[in-house]
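To be precise, the following lines are final.cif, and they hold mmCIF, N, CA and C atoms.
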data_input
#
loop_
_atom_site.label_atom_id
_atom_site.label_comp_id
_atom_site.auth_asym_id
_atom_site.auth_seq_id
_atom_site.Cartn_x
_atom_site.Cartn_y
_atom_site.Cartn_z
N MET E 1141 29.09 3.77 34.58
CA MET E 1141 28.00 4.36 33.82
C MET E 1141 28.22 4.19 32.33
N LYS E 1142 29.50 4.40 31.88
CA LYS E 1142 29.80 4.27 30.45
C LYS E 1142 29.55 2.84 29.99
N LYS E 1143 29.92 1.84 30.84
CA LYS E 1143 29.71 0.44 30.46
C LYS E 1143 28.24 0.15 30.26
N ILE E 1144 27.39 0.67 31.13
CA ILE E 1144 25.95 0.44 31.01
C ILE E 1144 25.44 1.08 29.73
N LEU E 1145 25.87 2.33 29.45
CA LEU E 1145 25.41 3.04 28.26
C LEU E 1145 25.83 2.30 27.00
N PHE E 1146 27.11 1.91 26.90
CA PHE E 1146 27.58 1.20 25.71
C PHE E 1146 26.96 -0.19 25.60
N GLY E 1147 26.67 -0.81 26.72
CA GLY E 1147 26.00 -2.11 26.69
C GLY E 1147 24.58 -2.02 26.15
N CYS E 1148 23.95 -0.87 26.32
CA CYS E 1148 22.58 -0.68 25.85
C CYS E 1148 22.50 -0.26 24.38
N LEU E 1149 23.60 0.21 23.80
CA LEU E 1149 23.56 0.71 22.43
C LEU E 1149 23.07 -0.34 21.41
N PRO E 1150 23.57 -1.58 21.47
CA PRO E 1150 23.06 -2.56 20.50
C PRO E 1150 21.55 -2.78 20.64
N LEU E 1151 21.05 -2.79 21.87
CA LEU E 1151 19.61 -2.97 22.08
C LEU E 1151 18.83 -1.78 21.54
N LEU E 1152 19.37 -0.58 21.75
CA LEU E 1152 18.72 0.63 21.26
C LEU E 1152 18.69 0.64 19.73
N ALA E 1153 19.80 0.25 19.11
CA ALA E 1153 19.86 0.20 17.65
C ALA E 1153 18.86 -0.81 17.10
N ALA E 1154 18.76 -1.97 17.71
CA ALA E 1154 17.81 -2.99 17.26
C ALA E 1154 16.38 -2.50 17.41
N TRP E 1155 16.10 -1.81 18.52
CA TRP E 1155 14.74 -1.28 18.73
C TRP E 1155 14.40 -0.25 17.66
N CYS E 1156 15.35 0.63 17.31
CA CYS E 1156 15.10 1.66 16.29
C CYS E 1156 14.81 1.03 14.95
N LEU E 1157 15.55 -0.01 14.59
CA LEU E 1157 15.31 -0.67 13.30
C LEU E 1157 13.92 -1.29 13.25
N CYS E 1158 13.48 -1.89 14.34
CA CYS E 1158 12.16 -2.50 14.38
C CYS E 1158 11.07 -1.45 14.36
N ALA E 1159 11.27 -0.36 15.08
CA ALA E 1159 10.22 0.64 15.22
C ALA E 1159 10.09 1.51 13.97
N CYS E 1160 11.18 1.71 13.24
CA CYS E 1160 11.18 2.64 12.11
C CYS E 1160 10.95 1.90 10.80
N GLY E 1161 9.76 1.46 10.53
CA GLY E 1161 9.47 0.83 9.25
C GLY E 1161 9.08 -0.61 9.43
N GLY E 1162 10.00 -1.51 9.13
CA GLY E 1162 9.71 -2.92 9.27
C GLY E 1162 9.01 -3.50 8.05
N TYR E 1163 8.91 -2.75 6.96
CA TYR E 1163 8.25 -3.27 5.77
C TYR E 1163 9.21 -4.10 4.94
N GLU E 1164 8.68 -5.17 4.34
CA GLU E 1164 9.40 -5.88 3.29
C GLU E 1164 8.91 -5.28 1.98
N TYR E 1165 9.69 -5.47 0.92
CA TYR E 1165 9.34 -4.88 -0.37
C TYR E 1165 9.35 -5.93 -1.46
N THR E 1166 8.58 -5.66 -2.49
CA THR E 1166 8.61 -6.46 -3.69
C THR E 1166 8.57 -5.50 -4.87
N THR E 1167 8.86 -6.01 -6.04
CA THR E 1167 8.76 -5.20 -7.25
C THR E 1167 7.53 -5.66 -8.03
N VAL E 1168 6.64 -4.72 -8.32
CA VAL E 1168 5.46 -5.01 -9.12
C VAL E 1168 5.75 -4.47 -10.52
N THR E 1169 5.77 -5.37 -11.51
CA THR E 1169 6.07 -4.98 -12.88
C THR E 1169 4.78 -4.91 -13.68
N LEU E 1170 4.55 -3.75 -14.30
CA LEU E 1170 3.36 -3.53 -15.11
C LEU E 1170 3.55 -4.14 -16.49
N PRO E 1171 2.47 -4.34 -17.25
CA PRO E 1171 2.60 -4.97 -18.57
C PRO E 1171 3.56 -4.25 -19.52
N ASP E 1172 3.73 -2.93 -19.36
CA ASP E 1172 4.65 -2.21 -20.25
C ASP E 1172 6.10 -2.25 -19.75
N GLY E 1173 6.36 -3.00 -18.65
CA GLY E 1173 7.72 -3.14 -18.13
C GLY E 1173 8.07 -2.17 -17.02
N PHE E 1174 7.23 -1.17 -16.74
CA PHE E 1174 7.50 -0.22 -15.66
C PHE E 1174 7.46 -0.95 -14.33
N ALA E 1175 8.40 -0.65 -13.46
CA ALA E 1175 8.51 -1.34 -12.16
C ALA E 1175 8.17 -0.39 -11.01
N ILE E 1176 7.36 -0.88 -10.08
CA ILE E 1176 7.00 -0.14 -8.88
C ILE E 1176 7.58 -0.88 -7.68
N ARG E 1177 8.33 -0.17 -6.85
CA ARG E 1177 8.85 -0.75 -5.59
C ARG E 1177 7.73 -0.62 -4.58
N ALA E 1178 7.16 -1.75 -4.18
CA ALA E 1178 5.99 -1.75 -3.32
C ALA E 1178 6.30 -2.33 -1.95
N ALA E 1179 5.96 -1.57 -0.91
CA ALA E 1179 6.03 -2.09 0.46
C ALA E 1179 4.92 -3.10 0.62
N LEU E 1180 5.19 -4.20 1.29
CA LEU E 1180 4.18 -5.24 1.50
C LEU E 1180 3.44 -4.99 2.80
N ALA E 1181 2.12 -4.94 2.73
CA ALA E 1181 1.29 -4.81 3.92
C ALA E 1181 0.60 -6.16 4.10
N ASP E 1182 1.25 -7.01 4.89
CA ASP E 1182 0.74 -8.38 5.03
C ASP E 1182 0.33 -8.70 6.46
N THR E 1183 0.21 -7.70 7.30
CA THR E 1183 -0.28 -7.91 8.66
C THR E 1183 -1.33 -6.85 8.93
N PRO E 1184 -2.24 -7.08 9.85
CA PRO E 1184 -3.27 -6.07 10.14
C PRO E 1184 -2.70 -4.71 10.50
N GLN E 1185 -1.61 -4.68 11.29
CA GLN E 1185 -1.04 -3.41 11.69
C GLN E 1185 -0.54 -2.62 10.49
N LYS E 1186 0.15 -3.29 9.58
CA LYS E 1186 0.66 -2.61 8.39
C LYS E 1186 -0.49 -2.25 7.45
N SER E 1187 -1.48 -3.13 7.34
CA SER E 1187 -2.60 -2.87 6.46
C SER E 1187 -3.39 -1.65 6.91
N GLU E 1188 -3.55 -1.49 8.21
CA GLU E 1188 -4.31 -0.34 8.72
C GLU E 1188 -3.62 0.97 8.39
N LYS E 1189 -2.31 1.00 8.41
CA LYS E 1189 -1.59 2.24 8.16
C LYS E 1189 -1.59 2.60 6.67
N GLY E 1190 -1.30 1.65 5.81
CA GLY E 1190 -1.25 1.93 4.38
C GLY E 1190 -0.32 3.10 4.09
N LEU E 1191 -0.73 3.96 3.17
CA LEU E 1191 0.07 5.13 2.83
C LEU E 1191 -0.48 6.38 3.51
N MET E 1192 -1.10 6.19 4.68
CA MET E 1192 -1.59 7.34 5.44
C MET E 1192 -0.43 8.25 5.81
N PHE E 1193 -0.68 9.53 5.80
CA PHE E 1193 0.26 10.56 6.22
C PHE E 1193 1.46 10.73 5.28
N VAL E 1194 1.46 10.03 4.14
CA VAL E 1194 2.50 10.25 3.13
C VAL E 1194 2.11 11.50 2.35
N LYS E 1195 3.04 12.46 2.20
CA LYS E 1195 2.71 13.71 1.52
C LYS E 1195 3.11 13.71 0.05
N HIS E 1196 3.95 12.77 -0.34
CA HIS E 1196 4.37 12.67 -1.75
C HIS E 1196 4.72 11.22 -2.03
N LEU E 1197 4.24 10.71 -3.16
CA LEU E 1197 4.54 9.33 -3.55
C LEU E 1197 5.15 9.35 -4.94
N PRO E 1198 6.42 8.99 -5.07
CA PRO E 1198 7.03 8.94 -6.40
C PRO E 1198 6.31 7.93 -7.30
N ALA E 1199 6.40 8.13 -8.60
CA ALA E 1199 5.70 7.28 -9.57
C ALA E 1199 6.14 5.82 -9.49
N ASP E 1200 7.35 5.57 -8.99
CA ASP E 1200 7.85 4.19 -8.96
C ASP E 1200 7.79 3.57 -7.56
N GLU E 1201 6.94 4.11 -6.69
CA GLU E 1201 6.76 3.53 -5.35
C GLU E 1201 5.28 3.31 -5.08
N GLY E 1202 4.99 2.36 -4.18
CA GLY E 1202 3.61 2.08 -3.83
C GLY E 1202 3.54 1.11 -2.66
N MET E 1203 2.35 0.53 -2.48
CA MET E 1203 2.15 -0.45 -1.41
C MET E 1203 1.27 -1.56 -1.94
N LEU E 1204 1.65 -2.80 -1.66
CA LEU E 1204 0.88 -3.96 -2.07
C LEU E 1204 0.30 -4.63 -0.83
N PHE E 1205 -1.03 -4.66 -0.75
CA PHE E 1205 -1.72 -5.32 0.36
C PHE E 1205 -1.91 -6.79 -0.01
N VAL E 1206 -1.55 -7.67 0.89
CA VAL E 1206 -1.61 -9.11 0.66
C VAL E 1206 -2.62 -9.72 1.63
N PHE E 1207 -3.67 -10.31 1.09
CA PHE E 1207 -4.70 -10.93 1.93
C PHE E 1207 -4.61 -12.44 1.83
N GLU E 1208 -5.14 -13.14 2.83
CA GLU E 1208 -5.03 -14.60 2.86
C GLU E 1208 -5.78 -15.26 1.71
N ARG E 1209 -6.88 -14.65 1.29
CA ARG E 1209 -7.64 -15.26 0.19
C ARG E 1209 -8.32 -14.18 -0.63
N GLU E 1210 -8.78 -14.55 -1.79
CA GLU E 1210 -9.52 -13.62 -2.64
C GLU E 1210 -10.88 -13.36 -1.99
N ASP E 1211 -11.21 -12.10 -1.85
CA ASP E 1211 -12.46 -11.73 -1.19
C ASP E 1211 -12.80 -10.30 -1.59
N GLU E 1212 -13.94 -9.80 -1.11
CA GLU E 1212 -14.31 -8.40 -1.31
C GLU E 1212 -13.63 -7.58 -0.21
N HIS E 1213 -12.88 -6.56 -0.62
CA HIS E 1213 -12.16 -5.72 0.34
C HIS E 1213 -12.58 -4.27 0.16
N TYR E 1214 -12.62 -3.55 1.28
CA TYR E 1214 -13.01 -2.14 1.29
C TYR E 1214 -11.85 -1.31 1.81
N PHE E 1215 -11.57 -0.22 1.14
CA PHE E 1215 -10.52 0.70 1.56
C PHE E 1215 -11.13 2.06 1.82
N TRP E 1216 -11.09 2.52 3.08
CA TRP E 1216 -11.54 3.84 3.47
C TRP E 1216 -10.34 4.77 3.42
N MET E 1217 -10.47 5.90 2.79
CA MET E 1217 -9.34 6.78 2.55
C MET E 1217 -9.22 7.88 3.60
N LYS E 1218 -9.33 7.50 4.86
CA LYS E 1218 -9.22 8.49 5.95
C LYS E 1218 -7.75 8.82 6.23
N ASN E 1219 -7.48 10.09 6.43
CA ASN E 1219 -6.13 10.58 6.71
C ASN E 1219 -5.16 10.33 5.57
N THR E 1220 -5.68 10.17 4.37
CA THR E 1220 -4.82 10.03 3.20
C THR E 1220 -4.52 11.44 2.70
N LEU E 1221 -3.26 11.77 2.51
CA LEU E 1221 -2.87 13.13 2.15
C LEU E 1221 -2.61 13.30 0.67
N ILE E 1222 -2.62 12.21 -0.10
CA ILE E 1222 -2.37 12.28 -1.54
C ILE E 1222 -3.44 11.48 -2.28
N ASP E 1223 -3.72 11.86 -3.52
CA ASP E 1223 -4.59 11.05 -4.37
C ASP E 1223 -3.84 9.79 -4.76
N LEU E 1224 -4.57 8.68 -4.85
CA LEU E 1224 -3.95 7.40 -5.20
C LEU E 1224 -4.74 6.70 -6.29
N ASP E 1225 -4.07 5.89 -7.09
CA ASP E 1225 -4.73 4.90 -7.94
C ASP E 1225 -4.74 3.60 -7.14
N ILE E 1226 -5.88 2.92 -7.11
CA ILE E 1226 -6.00 1.68 -6.34
C ILE E 1226 -6.44 0.57 -7.28
N ILE E 1227 -5.67 -0.53 -7.28
CA ILE E 1227 -5.85 -1.61 -8.24
C ILE E 1227 -6.04 -2.92 -7.47
N PHE E 1228 -7.17 -3.58 -7.68
CA PHE E 1228 -7.47 -4.88 -7.07
C PHE E 1228 -7.01 -5.98 -8.02
N LEU E 1229 -6.37 -7.02 -7.47
CA LEU E 1229 -5.81 -8.10 -8.29
C LEU E 1229 -6.29 -9.45 -7.78
N ASP E 1230 -6.55 -10.38 -8.69
CA ASP E 1230 -6.95 -11.73 -8.31
C ASP E 1230 -5.70 -12.53 -7.92
N PRO E 1231 -5.84 -13.79 -7.49
CA PRO E 1231 -4.67 -14.57 -7.05
C PRO E 1231 -3.59 -14.74 -8.12
N GLN E 1232 -3.95 -14.59 -9.38
CA GLN E 1232 -2.97 -14.71 -10.47
C GLN E 1232 -2.34 -13.36 -10.82
N GLY E 1233 -2.73 -12.30 -10.12
CA GLY E 1233 -2.17 -10.99 -10.39
C GLY E 1233 -2.86 -10.24 -11.51
N ARG E 1234 -4.03 -10.68 -11.92
CA ARG E 1234 -4.79 -9.99 -12.97
C ARG E 1234 -5.69 -8.93 -12.34
N ILE E 1235 -5.79 -7.79 -13.00
CA ILE E 1235 -6.60 -6.68 -12.50
C ILE E 1235 -8.08 -7.05 -12.56
N THR E 1236 -8.78 -6.93 -11.43
CA THR E 1236 -10.22 -7.18 -11.39
C THR E 1236 -10.99 -5.86 -11.40
N VAL E 1237 -10.53 -4.89 -10.62
CA VAL E 1237 -11.17 -3.57 -10.52
C VAL E 1237 -10.07 -2.55 -10.29
N GLN E 1238 -10.25 -1.35 -10.84
CA GLN E 1238 -9.27 -0.31 -10.57
C GLN E 1238 -9.98 1.04 -10.43
N TYR E 1239 -9.39 1.87 -9.59
CA TYR E 1239 -9.93 3.20 -9.33
C TYR E 1239 -8.84 4.22 -9.60
N GLU E 1240 -9.17 5.24 -10.39
CA GLU E 1240 -8.20 6.28 -10.69
C GLU E 1240 -8.40 7.47 -9.77
N ARG E 1241 -7.29 7.99 -9.27
CA ARG E 1241 -7.27 9.22 -8.48
C ARG E 1241 -8.30 9.24 -7.36
N VAL E 1242 -8.24 8.22 -6.50
CA VAL E 1242 -9.11 8.22 -5.32
C VAL E 1242 -8.70 9.44 -4.49
N PRO E 1243 -9.65 10.33 -4.18
CA PRO E 1243 -9.27 11.60 -3.55
C PRO E 1243 -8.79 11.44 -2.12
N HIS E 1244 -7.89 12.32 -1.74
CA HIS E 1244 -7.37 12.32 -0.38
C HIS E 1244 -8.36 12.99 0.57
N THR E 1245 -8.16 12.77 1.86
CA THR E 1245 -9.00 13.39 2.88
C THR E 1245 -8.09 13.99 3.96
N TYR E 1246 -8.71 14.63 4.89
CA TYR E 1246 -7.98 15.23 5.99
C TYR E 1246 -8.50 14.66 7.30
N THR E 1247 -7.77 14.89 8.37
CA THR E 1247 -8.18 14.35 9.66
C THR E 1247 -9.54 14.87 10.10
N TYR E 1248 -9.91 16.06 9.65
CA TYR E 1248 -11.18 16.65 10.08
C TYR E 1248 -12.33 16.34 9.11
N THR E 1249 -12.12 15.50 8.11
CA THR E 1249 -13.19 15.14 7.18
C THR E 1249 -14.25 14.32 7.91
N PRO E 1250 -15.52 14.73 7.82
CA PRO E 1250 -16.58 13.94 8.48
C PRO E 1250 -16.64 12.53 7.89
N ASP E 1251 -16.92 11.55 8.73
CA ASP E 1251 -16.96 10.16 8.27
C ASP E 1251 -17.90 9.97 7.09
N SER E 1252 -18.98 10.71 7.04
CA SER E 1252 -19.95 10.55 5.95
C SER E 1252 -19.40 11.00 4.59
N GLU E 1253 -18.29 11.76 4.61
CA GLU E 1253 -17.71 12.26 3.36
C GLU E 1253 -16.40 11.59 2.98
N ILE E 1254 -15.99 10.59 3.74
CA ILE E 1254 -14.74 9.89 3.44
C ILE E 1254 -14.97 8.95 2.25
N PRO E 1255 -14.19 9.11 1.18
CA PRO E 1255 -14.36 8.22 0.04
C PRO E 1255 -13.86 6.81 0.37
N PHE E 1256 -14.48 5.82 -0.26
CA PHE E 1256 -14.00 4.45 -0.09
C PHE E 1256 -14.09 3.75 -1.43
N VAL E 1257 -13.31 2.69 -1.55
CA VAL E 1257 -13.34 1.86 -2.75
C VAL E 1257 -13.53 0.41 -2.30
N ALA E 1258 -14.12 -0.37 -3.17
CA ALA E 1258 -14.36 -1.78 -2.87
C ALA E 1258 -14.08 -2.60 -4.12
N GLY E 1259 -13.63 -3.82 -3.92
CA GLY E 1259 -13.39 -4.68 -5.06
C GLY E 1259 -13.03 -6.09 -4.64
N GLN E 1260 -13.12 -6.99 -5.60
CA GLN E 1260 -12.80 -8.40 -5.39
C GLN E 1260 -11.34 -8.62 -5.71
N GLY E 1261 -10.64 -9.33 -4.85
CA GLY E 1261 -9.25 -9.64 -5.14
C GLY E 1261 -8.54 -10.23 -3.94
N GLN E 1262 -7.31 -10.67 -4.17
CA GLN E 1262 -6.47 -11.15 -3.08
C GLN E 1262 -5.36 -10.14 -2.77
N TYR E 1263 -5.08 -9.29 -3.75
CA TYR E 1263 -4.05 -8.27 -3.61
C TYR E 1263 -4.63 -6.92 -4.00
N VAL E 1264 -4.13 -5.87 -3.36
CA VAL E 1264 -4.53 -4.52 -3.72
C VAL E 1264 -3.26 -3.67 -3.78
N LEU E 1265 -3.08 -3.01 -4.92
CA LEU E 1265 -1.91 -2.15 -5.13
C LEU E 1265 -2.34 -0.70 -5.01
N GLU E 1266 -1.71 0.04 -4.10
CA GLU E 1266 -1.87 1.48 -4.03
C GLU E 1266 -0.67 2.08 -4.75
N ALA E 1267 -0.95 2.89 -5.77
CA ALA E 1267 0.11 3.49 -6.57
C ALA E 1267 -0.15 4.99 -6.70
N ALA E 1268 0.85 5.71 -7.16
CA ALA E 1268 0.72 7.15 -7.35
C ALA E 1268 -0.41 7.45 -8.33
N ALA E 1269 -1.15 8.52 -8.05
CA ALA E 1269 -2.24 8.92 -8.95
C ALA E 1269 -1.70 9.11 -10.35
N GLY E 1270 -2.42 8.61 -11.34
CA GLY E 1270 -2.00 8.71 -12.73
C GLY E 1270 -1.35 7.45 -13.26
N THR E 1271 -1.06 6.49 -12.40
CA THR E 1271 -0.41 5.24 -12.83
C THR E 1271 -1.26 4.49 -13.86
N ILE E 1272 -2.55 4.37 -13.61
CA ILE E 1272 -3.45 3.62 -14.50
C ILE E 1272 -3.46 4.25 -15.89
N THR E 1273 -3.61 5.57 -15.94
CA THR E 1273 -3.67 6.27 -17.23
C THR E 1273 -2.32 6.24 -17.94
N ARG E 1274 -1.25 6.57 -17.20
CA ARG E 1274 0.09 6.63 -17.80
C ARG E 1274 0.50 5.31 -18.45
N HIS E 1275 0.10 4.20 -17.84
CA HIS E 1275 0.56 2.90 -18.32
C HIS E 1275 -0.54 2.12 -19.02
N GLY E 1276 -1.69 2.74 -19.25
CA GLY E 1276 -2.78 2.12 -20.01
C GLY E 1276 -3.29 0.83 -19.39
N LEU E 1277 -3.37 0.77 -18.07
CA LEU E 1277 -3.82 -0.46 -17.41
C LEU E 1277 -5.32 -0.67 -17.62
N GLN E 1278 -5.70 -1.94 -17.78
CA GLN E 1278 -7.10 -2.30 -17.99
C GLN E 1278 -7.41 -3.57 -17.21
N ALA E 1279 -8.70 -3.76 -16.92
CA ALA E 1279 -9.13 -5.01 -16.26
C ALA E 1279 -8.65 -6.19 -17.10
N GLY E 1280 -8.13 -7.20 -16.43
CA GLY E 1280 -7.60 -8.38 -17.11
C GLY E 1280 -6.09 -8.36 -17.30
N ASP E 1281 -5.48 -7.17 -17.28
CA ASP E 1281 -4.02 -7.09 -17.39
C ASP E 1281 -3.39 -7.80 -16.18
N ARG E 1282 -2.25 -8.42 -16.42
CA ARG E 1282 -1.55 -9.13 -15.34
C ARG E 1282 -0.35 -8.32 -14.89
N LEU E 1283 -0.23 -8.14 -13.57
CA LEU E 1283 0.93 -7.50 -12.99
C LEU E 1283 1.81 -8.58 -12.39
N GLU E 1284 3.10 -8.48 -12.57
CA GLU E 1284 4.03 -9.49 -12.10
C GLU E 1284 4.67 -9.07 -10.78
N PHE E 1285 4.71 -9.97 -9.81
CA PHE E 1285 5.39 -9.73 -8.55
C PHE E 1285 5.61 -11.06 -7.87
N THR E 1286 6.58 -11.09 -6.97
CA THR E 1286 6.81 -12.28 -6.14
C THR E 1286 6.73 -11.85 -4.69
N LEU E 1287 6.30 -12.77 -3.85
CA LEU E 1287 6.17 -12.50 -2.43
C LEU E 1287 7.21 -13.30 -1.67
N PRO E 1288 7.79 -12.71 -0.62
CA PRO E 1288 8.73 -13.49 0.20
C PRO E 1288 7.98 -14.64 0.88
N LYS E 1289 8.68 -15.68 1.17
CA LYS E 1289 8.04 -16.84 1.78
C LYS E 1289 7.67 -16.56 3.22
#
Structure re-expressed in structure tokens:
Amino acid sequence: MKKILFGCLPLLAAWCLCACGGYEYTTVTLPDGFAIRAALADTPQKSEKGLMFVKHLPADEGMLFVFEREDEHYFWMKNTLIDLDIIFLDPQGRITVQYERVPHTYTYTPDSEIPFVAGQGQYVLEAAAGTITRHGLQAGDRLEFTLPK
């Protein structure tokens, strides 16, 4: 019995690592030099989750959504527990549209009252509320980041 249990431990450890997270990260640097550690949402499963159910987001953390091409994207803020700043970026990393303090919702919020944002871009950065104001971000500003291959 002990041999079977110990033989399964490596498999169990590998399963836990895959199930608990699985995000890759990049650093998004703002024009004033401030750096945000951003989880990459580059698959539909990760994109659907976003920062849902997060109760606190430090000023230096966020999520960068990566789409195959520049297009119009819509973000519905259902089950979001914190206010967020949402920044749409073109393929060169320049801000096209930004929203300050998109309000959070709860699981019982009627669909007709769920806030959403829309914008043109290839990338979308979800950051802690107040990021745009604190760092004086404006349309046309370029954010620096690299993506894993």
Apply the PyMOL selection byres ((chain E and resi 1214) around 8) to the structure shown and report the selected residues as number ranges by chain. E: 1211-1213, 1215-1217, 1256-1260
Do you know which residues the PyMOL selection byres ((chain E and resi 1171-1179) around 5) returns on this file, as a list in words?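 Output from the PyMOL selection byres ((chain E and resi 1171-1179) around 5), applied to this file: Glu1164, Tyr1165, Thr1166, Thr1167, Val1168, Thr1169, Leu1170, Leu1180, Ala1181, Asp1200, Glu1201, Gly1202, Met1203 and Leu1204 of chain E.
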Expressed in Å to a single decimal, how great is the separation between CA of Arg1241 in chain E and CA of Leu1197 in chain E? 12.8 Å
How many Å lie between atom C of Ala1268 in chain E and atom N of Gly1162 in chain E, rounded to one decimal? 22.2 Å
Hey, what comes out of the PyMOL selection byres ((chain E and resi 1195) around 6) on this file? Could you write it as a list in words? Phe1193, Val1194, His1196, Leu1197, Leu1221 and Ile1222 of chain E
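Going from CA of Pro1243 in chain E over to CA of Ala1269 in chain E, you cover 9.3 Å.
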Do a neighbour search on Asp1225 in chain E at 7 Å with only C-alpha atoms, toss out local chain neighbours closer than 4 positions, and write the hits as a ChimeraX atom specification. /E:1239-1242,1266-1272
Give the answer as one residue: which of E:Ile1254, E:Ile1226, E:Leu1277, E:Val1264 has the shortest atom-to-atom distance to Arg1209 in chain E, using only C-alpha atoms?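 Of the candidates, the smallest distance to Arg1209 in chain E is held by E:Val1264.
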Looking only at the backbone, which of the residues in chain E does DSSP tag as strand (DSSP E or B), as a ChimeraX atom specification? /E:1165-1169,1175-1181,1201-1216,1224-1229,1234-1242,1256-1268,1282,1284
Specify the axis-aligned box that encloses all atoms of range 1166-1171 of chain E listed in the file after padding of 5 Å on each side, stating its centre and edge lengths in Å to one decimal as JSON.
{"center_x": 5.7, "center_y": -5.0, "center_z": -11.0, "size_x": 16.4, "size_y": 12.9, "size_z": 27.0}
